[in-house]
$ cat structure17.txt   # compact mmCIF, C-alpha atoms
# COMPACT_ATOMS: atom_id res chain seq x y z
CA MET A 255 -109.70 -175.26 -57.99
CA SER A 256 -109.49 -177.40 -54.89
CA GLN A 257 -107.13 -174.94 -53.35
CA GLN A 258 -109.54 -172.11 -54.06
CA TYR A 259 -112.39 -173.78 -52.10
CA GLN A 260 -110.22 -175.39 -49.40
CA THR A 261 -112.00 -175.58 -46.07
CA PRO A 262 -110.27 -173.39 -43.54
CA GLY A 263 -109.12 -174.98 -40.24
CA THR A 264 -111.17 -174.58 -37.10
CA PRO A 265 -109.88 -171.64 -35.13
CA ARG A 266 -108.72 -172.36 -31.56
CA ILE A 267 -110.45 -170.24 -28.98
CA ILE A 268 -108.68 -169.75 -25.67
CA SER A 269 -110.92 -168.90 -22.74
CA PRO A 270 -109.56 -166.23 -20.46
CA THR A 271 -109.67 -168.53 -17.40
CA PRO A 272 -107.94 -167.01 -14.36
CA THR A 273 -104.75 -168.63 -13.14
CA PRO A 274 -104.43 -170.04 -9.61
CA THR A 275 -102.27 -167.10 -8.64
CA GLU A 276 -105.14 -164.68 -9.15
CA SER A 277 -106.70 -164.24 -5.69
CA HIS A 278 -109.80 -162.28 -6.77
CA ARG A 279 -112.47 -163.23 -9.27
CA ASP A 280 -113.41 -159.60 -9.87
CA SER A 281 -110.62 -159.37 -12.48
CA TYR A 282 -112.45 -161.86 -14.71
CA PHE A 283 -115.06 -160.13 -16.88
CA ALA A 284 -116.45 -163.02 -18.90
CA PRO A 285 -120.18 -163.03 -19.72
CA ILE A 286 -122.11 -163.82 -16.55
CA THR A 287 -125.34 -165.85 -16.58
CA ARG A 288 -127.91 -166.09 -13.80
CA SER A 289 -126.76 -169.62 -12.85
CA ALA A 290 -123.16 -168.43 -12.67
CA THR A 291 -124.20 -165.52 -10.48
CA ALA A 292 -126.08 -167.81 -8.07
CA LYS A 293 -123.13 -170.18 -7.91
CA ARG A 294 -120.80 -167.27 -7.19
CA HIS A 295 -122.96 -166.10 -4.26
CA ASN A 296 -123.24 -169.61 -2.77
CA SER A 297 -119.60 -170.63 -3.16
CA PRO A 298 -117.06 -169.88 -0.40
CA SER A 299 -114.33 -167.36 -0.81
CA PRO A 300 -111.16 -168.67 -2.48
CA ILE A 301 -108.28 -169.95 -0.43
CA SER A 302 -104.80 -168.80 -1.08
CA GLU A 303 -102.79 -171.59 -2.68
CA ASP A 304 -99.38 -170.30 -1.64
CA PRO A 305 -99.48 -169.04 1.95
CA GLU A 306 -96.44 -167.42 3.37
CA PRO A 307 -95.15 -169.77 6.08
CA ASP A 308 -93.09 -167.06 7.69
CA SER A 309 -95.86 -164.50 7.75
CA PRO A 310 -97.16 -163.74 11.26
CA SER A 311 -100.70 -163.24 9.97
CA SER A 312 -100.97 -166.77 8.53
CA ASP A 313 -103.77 -168.78 10.22
CA SER A 314 -102.77 -172.13 8.68
CA SER A 315 -106.06 -172.37 6.80
CA LEU A 316 -104.71 -175.17 4.62
CA GLU A 317 -104.09 -177.24 7.74
CA LYS A 318 -107.60 -176.64 9.09
CA ARG A 319 -109.53 -177.57 5.94
CA ALA A 320 -109.56 -181.13 4.62
CA ARG A 321 -108.88 -181.45 0.91
CA ALA A 322 -108.40 -184.34 -1.51
CA ARG A 323 -104.99 -183.11 -2.59
CA SER A 324 -102.64 -180.47 -1.31
CA ARG A 325 -99.68 -178.89 -3.01
CA SER A 326 -98.37 -177.62 0.31
CA PRO A 327 -95.31 -179.61 1.49
CA LYS A 328 -95.94 -178.42 5.01
CA THR A 329 -99.47 -179.83 5.11
CA HIS A 330 -98.42 -183.11 3.54
CA ALA A 331 -95.61 -183.61 6.03
CA LYS A 332 -97.92 -182.84 8.97
CA ARG A 333 -100.51 -185.32 7.70
CA GLN A 334 -97.91 -188.08 7.46
CA LYS A 335 -96.67 -187.27 10.96
CA ASP A 336 -100.21 -187.39 12.43
CA ALA A 337 -100.94 -190.72 10.72
CA ALA A 338 -97.75 -192.25 12.13
CA ALA A 339 -98.57 -190.99 15.63
CA SER A 340 -102.12 -192.34 15.44
CA LYS A 341 -100.88 -195.76 14.38
CA ALA A 342 -98.30 -195.82 17.15
CA SER A 343 -100.88 -194.85 19.79
CA GLN A 344 -103.17 -197.83 19.05
CA PRO A 345 -103.13 -200.23 22.02
CA THR A 346 -101.93 -203.77 21.67
CA LYS A 347 -103.55 -206.78 23.29
CA LYS A 348 -102.19 -210.16 24.19
CA SER A 349 -104.08 -213.26 23.15
CA PRO A 350 -104.39 -216.33 25.43
CA ASP A 351 -101.54 -218.11 23.61
CA GLY A 352 -99.14 -215.29 24.46
CA THR A 353 -98.93 -213.62 21.05
CA VAL A 354 -99.34 -209.87 20.81
CA SER A 355 -101.77 -208.49 18.25
CA GLU A 356 -102.73 -204.93 17.42
CA SER A 357 -106.14 -203.60 18.33
CA ASN A 358 -108.45 -202.83 15.45
CA GLY A 359 -110.01 -199.92 17.33
CA HIS A 360 -113.39 -201.60 17.79
CA LEU A 361 -115.09 -202.00 21.17
CA SER A 362 -114.84 -205.41 22.78
CA PRO A 363 -116.03 -206.70 26.19
CA SER A 364 -112.49 -207.64 27.17
CA SER A 365 -111.25 -204.10 26.70
CA ALA A 366 -114.33 -202.63 28.33
CA ALA A 367 -113.94 -204.79 31.43
CA SER A 368 -110.64 -203.10 32.27
CA SER A 369 -111.94 -199.58 31.78
CA ASP A 370 -113.70 -197.34 34.25
CA SER A 371 -117.01 -198.96 35.24
CA SER A 372 -118.62 -195.59 35.95
CA TYR A 373 -118.46 -194.84 32.22
CA TRP A 374 -120.76 -197.76 31.41
CA ARG A 375 -123.10 -196.75 34.23
CA SER A 376 -123.34 -193.27 32.71
CA ILE A 377 -124.54 -194.56 29.33
CA SER A 378 -126.64 -197.51 30.50
CA ARG A 379 -128.72 -198.24 33.58
CA SER A 380 -128.78 -201.91 32.66
CA PRO A 381 -127.17 -204.30 35.15
CA SER A 382 -125.13 -205.87 32.33
CA PRO A 383 -124.74 -203.56 29.31
CA LEU A 384 -121.84 -205.57 27.87
CA GLY A 385 -122.93 -209.11 28.72
CA LEU A 386 -119.90 -209.92 30.89
CA ILE A 387 -122.03 -211.87 33.40
CA PRO A 388 -123.05 -215.21 31.81
CA ILE A 389 -126.43 -215.65 33.46
CA HIS A 390 -127.51 -212.22 32.24
CA ARG A 391 -127.02 -213.36 28.66
CA HIS A 392 -129.25 -216.44 29.12
CA TRP A 393 -132.06 -214.68 31.01
CA ARG A 394 -131.83 -211.25 29.40
CA SER A 395 -135.52 -210.30 29.65
CA PHE A 396 -135.79 -211.59 33.22
CA VAL A 397 -132.55 -210.53 34.87
CA HIS A 398 -130.95 -208.07 32.49
CA ARG A 399 -133.91 -205.66 32.49
CA HIS A 400 -135.50 -205.95 35.93
CA GLU A 401 -132.83 -207.49 38.21
CA ILE A 402 -135.41 -209.81 39.74
CA PRO A 403 -133.05 -211.99 41.87
CA ARG A 404 -131.23 -208.94 43.17
CA LYS A 405 -134.44 -207.15 44.08
CA ALA A 406 -135.89 -210.29 45.65
CA LEU A 407 -132.88 -210.48 47.97
CA HIS A 408 -133.18 -206.75 48.67
CA VAL A 409 -136.84 -207.04 49.69
CA SER A 410 -136.41 -210.29 51.64
CA ILE A 411 -133.93 -208.66 54.03
CA GLY A 412 -136.66 -206.23 55.08
CA PHE A 413 -139.09 -209.05 55.82
CA PHE A 414 -136.36 -210.94 57.68
CA THR A 415 -135.64 -207.83 59.78
CA LEU A 416 -139.33 -207.44 60.60
CA HIS A 417 -139.52 -211.14 61.50
CA LEU A 418 -136.62 -210.78 63.93
CA TYR A 419 -138.35 -207.81 65.53
CA THR A 420 -141.57 -209.78 66.05
CA ARG A 421 -139.50 -212.50 67.73
CA GLY A 422 -138.23 -209.98 70.26
CA THR A 423 -134.64 -209.98 69.01
CA SER A 424 -132.70 -206.96 70.23
CA ALA A 425 -130.58 -204.81 67.96
CA ALA A 426 -127.57 -205.37 70.19
CA SER A 427 -127.64 -209.06 69.34
CA ILE A 428 -127.97 -208.50 65.57
CA HIS A 429 -125.22 -206.08 64.66
CA PRO A 430 -122.39 -208.42 65.78
CA TRP A 431 -123.71 -211.00 63.30
CA LEU A 432 -123.79 -208.36 60.56
CA LEU A 433 -120.19 -207.45 61.30
CA GLY A 434 -119.27 -211.14 61.32
CA ALA A 435 -120.79 -211.56 57.86
CA LEU A 436 -119.25 -208.33 56.57
CA ILE A 437 -115.66 -209.36 57.22
CA PRO A 438 -115.59 -212.65 55.21
CA ILE A 439 -117.68 -211.23 52.36
CA ALA A 440 -115.39 -208.21 52.02
CA SER A 441 -112.37 -210.53 52.18
CA ALA A 442 -113.80 -212.72 49.41
CA ASP A 443 -114.45 -209.65 47.29
CA TYR A 444 -110.86 -208.54 47.76
CA ALA A 445 -109.63 -212.02 46.85
CA ARG A 446 -111.61 -212.17 43.62
CA HIS A 447 -109.99 -208.92 42.47
CA THR A 448 -106.59 -210.43 43.22
CA PHE A 449 -107.08 -213.86 41.62
CA PRO A 450 -108.82 -213.86 38.19
CA ALA A 451 -109.69 -217.58 38.38
CA PHE A 452 -111.55 -217.06 41.64
CA ASN A 453 -113.26 -214.00 40.18
CA ARG A 454 -114.62 -216.08 37.28
CA PHE A 455 -115.93 -218.72 39.71
CA TYR A 456 -117.45 -216.01 41.92
CA ILE A 457 -119.28 -214.40 39.00
CA ARG A 458 -120.51 -217.77 37.73
CA VAL A 459 -122.05 -218.59 41.13
CA LEU A 460 -123.33 -215.18 42.28
CA GLY A 461 -123.62 -213.34 38.97
CA ALA A 462 -127.43 -213.23 39.13
CA LEU A 463 -127.21 -210.95 42.17
CA MET A 464 -124.60 -208.63 40.67
CA ARG A 465 -124.50 -205.71 38.32
CA GLU A 466 -121.84 -205.49 35.65
CA SER A 467 -120.36 -202.43 37.35
CA GLU A 468 -119.52 -204.76 40.26
CA VAL A 469 -117.38 -207.05 38.07
CA ASP A 470 -114.40 -204.73 38.52
CA GLY A 471 -115.82 -202.98 41.61
CA TYR A 472 -116.91 -204.03 45.08
CA ASN A 473 -120.07 -206.05 45.60
CA GLY A 474 -123.17 -204.17 46.74
CA VAL A 475 -123.71 -206.70 49.54
CA ILE A 476 -120.70 -205.22 51.34
CA TRP A 477 -122.25 -201.76 51.38
CA TYR A 478 -125.64 -203.21 52.34
CA LEU A 479 -124.17 -204.95 55.40
CA LEU A 480 -122.13 -201.87 56.30
CA GLY A 481 -125.20 -199.61 56.17
CA ALA A 482 -127.37 -202.01 58.18
CA TRP A 483 -124.64 -202.52 60.78
CA THR A 484 -124.14 -198.77 61.18
CA VAL A 485 -127.79 -197.91 61.88
CA LEU A 486 -128.41 -200.88 64.19
CA ARG A 487 -125.20 -200.20 66.09
CA PHE A 488 -125.43 -196.44 66.65
CA PHE A 489 -129.15 -195.52 66.53
CA PRO A 490 -132.06 -196.38 68.85
CA LYS A 491 -133.88 -199.62 68.12
CA ASP A 492 -136.93 -198.26 66.32
CA VAL A 493 -134.89 -195.82 64.23
CA GLY A 494 -132.39 -198.54 63.29
CA VAL A 495 -135.09 -201.02 62.28
CA MET A 496 -136.97 -198.38 60.28
CA SER A 497 -133.76 -197.40 58.47
CA VAL A 498 -133.17 -201.00 57.37
CA LEU A 499 -136.80 -201.33 56.23
CA LEU A 500 -136.58 -198.10 54.23
CA LEU A 501 -133.40 -199.34 52.56
CA SER A 502 -134.95 -202.70 51.75
CA TRP A 503 -138.33 -201.60 50.42
CA CYS A 504 -138.06 -197.94 49.35
CA ASP A 505 -134.90 -198.40 47.33
CA THR A 506 -136.43 -201.38 45.52
CA ALA A 507 -139.64 -199.45 44.82
CA ALA A 508 -137.72 -196.46 43.48
CA SER A 509 -135.65 -198.67 41.17
CA THR A 510 -138.68 -200.63 39.89
CA PHE A 511 -141.00 -197.70 39.22
CA GLY A 512 -138.17 -195.56 37.93
CA ARG A 513 -137.32 -198.14 35.27
CA LEU A 514 -140.97 -198.58 34.31
CA TRP A 515 -142.23 -195.00 34.25
CA GLY A 516 -139.20 -192.78 34.80
CA ARG A 517 -139.03 -191.90 31.11
CA TYR A 518 -142.46 -190.26 31.34
CA THR A 519 -141.60 -187.98 34.27
CA PRO A 520 -139.00 -185.23 34.75
CA ARG A 521 -135.51 -186.32 35.68
CA ILE A 522 -134.12 -185.12 39.00
CA ARG A 523 -130.55 -186.11 38.25
CA ARG A 524 -128.80 -188.85 36.31
CA GLY A 525 -130.56 -192.14 37.00
CA LYS A 526 -133.17 -190.55 39.30
CA SER A 527 -136.68 -189.57 38.19
CA VAL A 528 -139.81 -188.17 39.79
CA ALA A 529 -141.54 -191.53 39.32
CA GLY A 530 -138.90 -193.38 41.34
CA SER A 531 -138.77 -190.75 44.08
CA ALA A 532 -142.56 -190.68 44.40
CA ALA A 533 -142.64 -194.47 44.69
CA ALA A 534 -139.99 -194.34 47.43
CA ALA A 535 -142.01 -191.74 49.34
CA VAL A 536 -145.27 -193.72 49.15
CA VAL A 537 -143.60 -196.96 50.21
CA GLY A 538 -141.85 -195.10 53.04
CA VAL A 539 -145.20 -193.89 54.40
CA ILE A 540 -146.64 -197.41 54.22
CA THR A 541 -143.54 -198.86 55.88
CA ALA A 542 -143.81 -196.47 58.85
CA ILE A 543 -147.52 -197.27 59.28
CA VAL A 544 -146.79 -201.03 59.21
CA PHE A 545 -143.96 -200.78 61.72
CA TRP A 546 -145.16 -198.17 64.21
CA GLY A 547 -148.86 -198.71 63.63
CA TRP A 548 -148.99 -202.55 63.55
CA ALA A 549 -145.75 -204.28 64.58
CA VAL A 550 -144.98 -202.21 67.66
CA PRO A 551 -148.54 -202.26 69.17
CA THR A 552 -148.99 -205.96 68.34
CA TYR A 553 -145.66 -207.36 69.48
CA GLY A 554 -144.66 -204.68 71.98
CA HIS A 555 -140.97 -204.31 72.78
CA GLY A 556 -141.44 -200.53 73.11
CA ASP A 557 -138.70 -200.26 75.72
CA GLU A 558 -136.67 -197.24 76.72
CA SER A 559 -134.49 -197.44 73.60
CA PHE A 560 -137.49 -196.40 71.47
CA MET A 561 -137.74 -192.75 70.43
CA PHE A 562 -141.29 -192.66 69.06
CA LYS A 563 -143.87 -193.76 71.61
CA GLY A 564 -147.02 -192.59 69.88
CA GLN A 565 -146.80 -188.93 70.84
CA LEU A 566 -145.33 -185.78 69.29
CA GLY A 567 -145.02 -182.32 70.77
CA LEU A 568 -143.49 -178.95 70.12
CA PRO A 569 -140.21 -178.14 71.87
CA GLU A 570 -140.50 -176.26 75.18
CA ALA A 571 -138.75 -173.22 73.75
CA VAL A 572 -141.33 -172.96 70.98
CA LYS A 573 -144.19 -173.37 73.48
CA ASP A 574 -142.85 -170.55 75.62
CA THR A 575 -142.40 -168.32 72.59
CA ILE A 576 -145.95 -168.69 71.32
CA GLY A 577 -147.48 -168.80 74.81
CA LEU A 578 -148.82 -172.35 74.98
CA LYS A 579 -149.75 -173.82 78.33
CA GLU A 580 -148.75 -177.16 79.81
CA GLY A 581 -150.25 -180.03 77.84
CA GLN A 582 -150.85 -177.97 74.72
CA GLY A 583 -148.97 -178.28 71.44
CA MET A 584 -149.00 -182.09 71.54
CA VAL A 585 -150.60 -184.76 69.31
CA ASP A 586 -150.88 -188.48 69.72
CA GLY A 587 -152.60 -191.52 68.24
CA TRP A 588 -153.19 -191.68 64.50
CA VAL A 589 -152.36 -188.00 64.03
CA ALA A 590 -148.87 -188.45 65.44
CA LEU A 591 -148.46 -191.69 63.48
CA GLY A 592 -149.52 -189.92 60.29
CA ILE A 593 -147.00 -187.12 60.82
CA VAL A 594 -144.14 -189.54 61.48
CA SER A 595 -145.15 -191.67 58.51
CA VAL A 596 -145.19 -188.72 56.10
CA TRP A 597 -141.80 -187.60 57.39
CA SER A 598 -140.45 -191.13 56.96
CA GLY A 599 -141.59 -191.18 53.34
CA LEU A 600 -140.03 -187.80 52.61
CA ILE A 601 -136.73 -188.67 54.23
CA ALA A 602 -136.61 -192.02 52.42
CA SER A 603 -137.23 -190.34 49.07
CA ALA A 604 -134.63 -187.64 49.74
CA SER A 605 -131.96 -190.11 50.87
CA GLU A 606 -132.56 -192.18 47.74
CA VAL A 607 -132.01 -189.17 45.47
CA VAL A 608 -128.99 -187.62 47.20
CA ASP A 609 -125.57 -188.45 45.81
CA LEU A 610 -123.21 -188.23 48.79
CA PHE A 611 -119.61 -188.15 47.53
CA GLY A 612 -120.41 -190.92 45.06
CA TRP A 613 -120.93 -193.47 47.86
CA ASP A 614 -123.07 -196.55 47.27
CA ASP A 615 -126.76 -195.98 48.03
CA ASN A 616 -126.84 -199.14 50.17
CA VAL A 617 -124.83 -197.08 52.67
CA THR A 618 -126.25 -193.60 52.15
CA ILE A 619 -129.96 -194.56 52.27
CA PRO A 620 -129.99 -196.19 55.75
CA VAL A 621 -127.52 -193.73 57.27
CA LEU A 622 -129.27 -190.61 55.95
CA SER A 623 -132.69 -192.05 56.79
CA GLY A 624 -131.51 -192.83 60.31
CA LEU A 625 -130.14 -189.33 60.76
CA GLY A 626 -133.35 -187.77 59.45
CA LEU A 627 -135.62 -189.85 61.69
CA TRP A 628 -133.38 -189.42 64.72
CA GLY A 629 -133.20 -185.64 64.30
CA PHE A 630 -136.97 -185.29 63.80
CA LEU A 631 -137.87 -187.44 66.81
CA LYS A 632 -135.20 -185.78 68.91
CA VAL A 633 -136.88 -182.41 68.37
CA PHE A 634 -140.55 -183.38 68.58
CA CYS A 635 -140.57 -186.26 71.09

$ encode --input "structure17.txt" --output "structure tokens"
Amino acid sequence: MSQQYQTPGTPRIISPTPTPTESHRDSYFAPITRSATAKRHNSPSPISEDPEPDSPSSDSSLEKRARARSRSPKTHAKRQKDAAASKASQPTKKSPDGTVSESNGHLSPSSAASSDSSYWRSISRSPSPLGLIPIHRHWRSFVHRHEIPRKALHVSIGFFTLHLYTRGTSAASIHPWLLGALIPIASADYARHTFPAFNRFYIRVLGALMRESEVDGYNGVIWYLLGAWTVLRFFPKDVGVMSVLLLSWCDTAASTFGRLWGRYTPRIRRGKSVAGSAAAAVVGVITAIVFWGWAVPTYGHGDESFMFKGQLGLPEAVKDTIGLKEGQGMVDGWVALGIVSVWSGLIASASEVVDLFGWDDNVTIPVLSGLGLWGFLKVFC
């Protein structure tokens, strides 16, 4: 009786699932639901599991797509080879006790100090983006952001130059002193790059006046002295003095206002904004009015080496072309001073923006400003 009503065994149903060798899903005609249809449209096309390595049409798709597992011996061998090469290419560093340890691949100030300093300048306008200068770490909000000691020295040189002018000091007696200061300072900078102990002492003493890009580069004071010496040595007295004043005050104004409001104005090029250039132009106009409108009339010294003597005029060739008579086409007084002042502001702003072969702006600003002023006064005076 029990055999008559014995429960039959559960039948085993085998789903017609396609094998990996089937390259097309169109051969599978199982019932299709709406969810399966949507998944089919959203899923990528299948990848061949067994590519022909000798086939010329193979695009090595298995090597280009990352997968959790791969049954391809070729891909597995290549992955092991790449991992070994990557491990071998990791740099090693030597600790102070002389032992060699492998780098963990993370960024550290010691490794960054030996790299190209222009890279850090391209990603940060901060004077010390890595904290390699000790005083910048202690006074971060005061020095690190605004470079107050550096800018104070920058501005003070302009006032010192103006003071020497009011004392009647000639340019011929100043540029030998600048050259005399340039030689030992450049020698000390060369020595600190040769002797690491001296470099650490140098940075500890003068780090407040330095940028981090100058830790493994040359100090900006060298370029400042070189630019000032050049304009005072080869240009007339008023042009040379004005070039130093534009370097001292316009460059500082451009840096200050550019850091404060440069993010709100269009960028001219990397590190240069409309806000900084406008500030340099305004300060350049004020500087020319102070020098040619107050210092020169008050303290005199307008000798033959001066180019601007309060009068501007069109060149004789232009007068003859447009038919002007003798004495026409000339301006003087405040009109001439205003024209020269506006030109001084424009040339100061332009020289601050221009990147001349990657040279330091402490050289390019006075030299280009001197050339611009000299050329303008040569034509219209």

$ atom_distance --input "structure17.txt" --atom1 "atom CA of Phe630 of chain A" --atom2 "atom CA of Leu568 of chain A"
11.1 Å

$ atom_distance --input "structure17.txt" --atom1 "atom CA of Ala590 of chain A" --atom2 "atom CA of Leu418 of chain A"
25.5 Å

$ closest_residue --input "structure17.txt" --among "A:Tyr518, A:Tyr419, A:Phe634, A:Phe560" --to "Val585 of chain A" --atoms "only C-alpha atoms"
A:Phe634

$ residues_near_point --input "structure17.txt" --point "(-124.2, -197.9, 66.0)" --cutoff "12 Å" --atoms "all atoms listed in the file" --output "VMD selection string"
chain A and resid 425 to 426 428 to 430 432 to 433 480 to 491 493 to 495 620 to 621 624 to 625

$ residues_around --input "structure17.txt" --residues "Leu499 of chain A" --least-positions-apart "6" --cutoff "9 Å" --atoms "all atoms listed in the file" --output "PyMOL selection string"
chain A and resi 409+411-413+415-416+538+541-542+620

$ atom_distance --input "structure17.txt" --atom1 "atom CA of Asp609 of chain A" --atom2 "atom CA of Pro403 of chain A"
25.0 Å

$ closest_residue --input "structure17.txt" --among "A:Gln565, A:Thr575, A:Ser497, A:Ser605" --to "Ser531 of chain A" --atoms "all atoms listed in the file"
A:Ser605

$ closest_residue --input "structure17.txt" --among "A:Ser427, A:Asn453, A:Thr448, A:Asn473" --to "Asp614 of chain A" --atoms "only C-alpha atoms"
A:Asn473
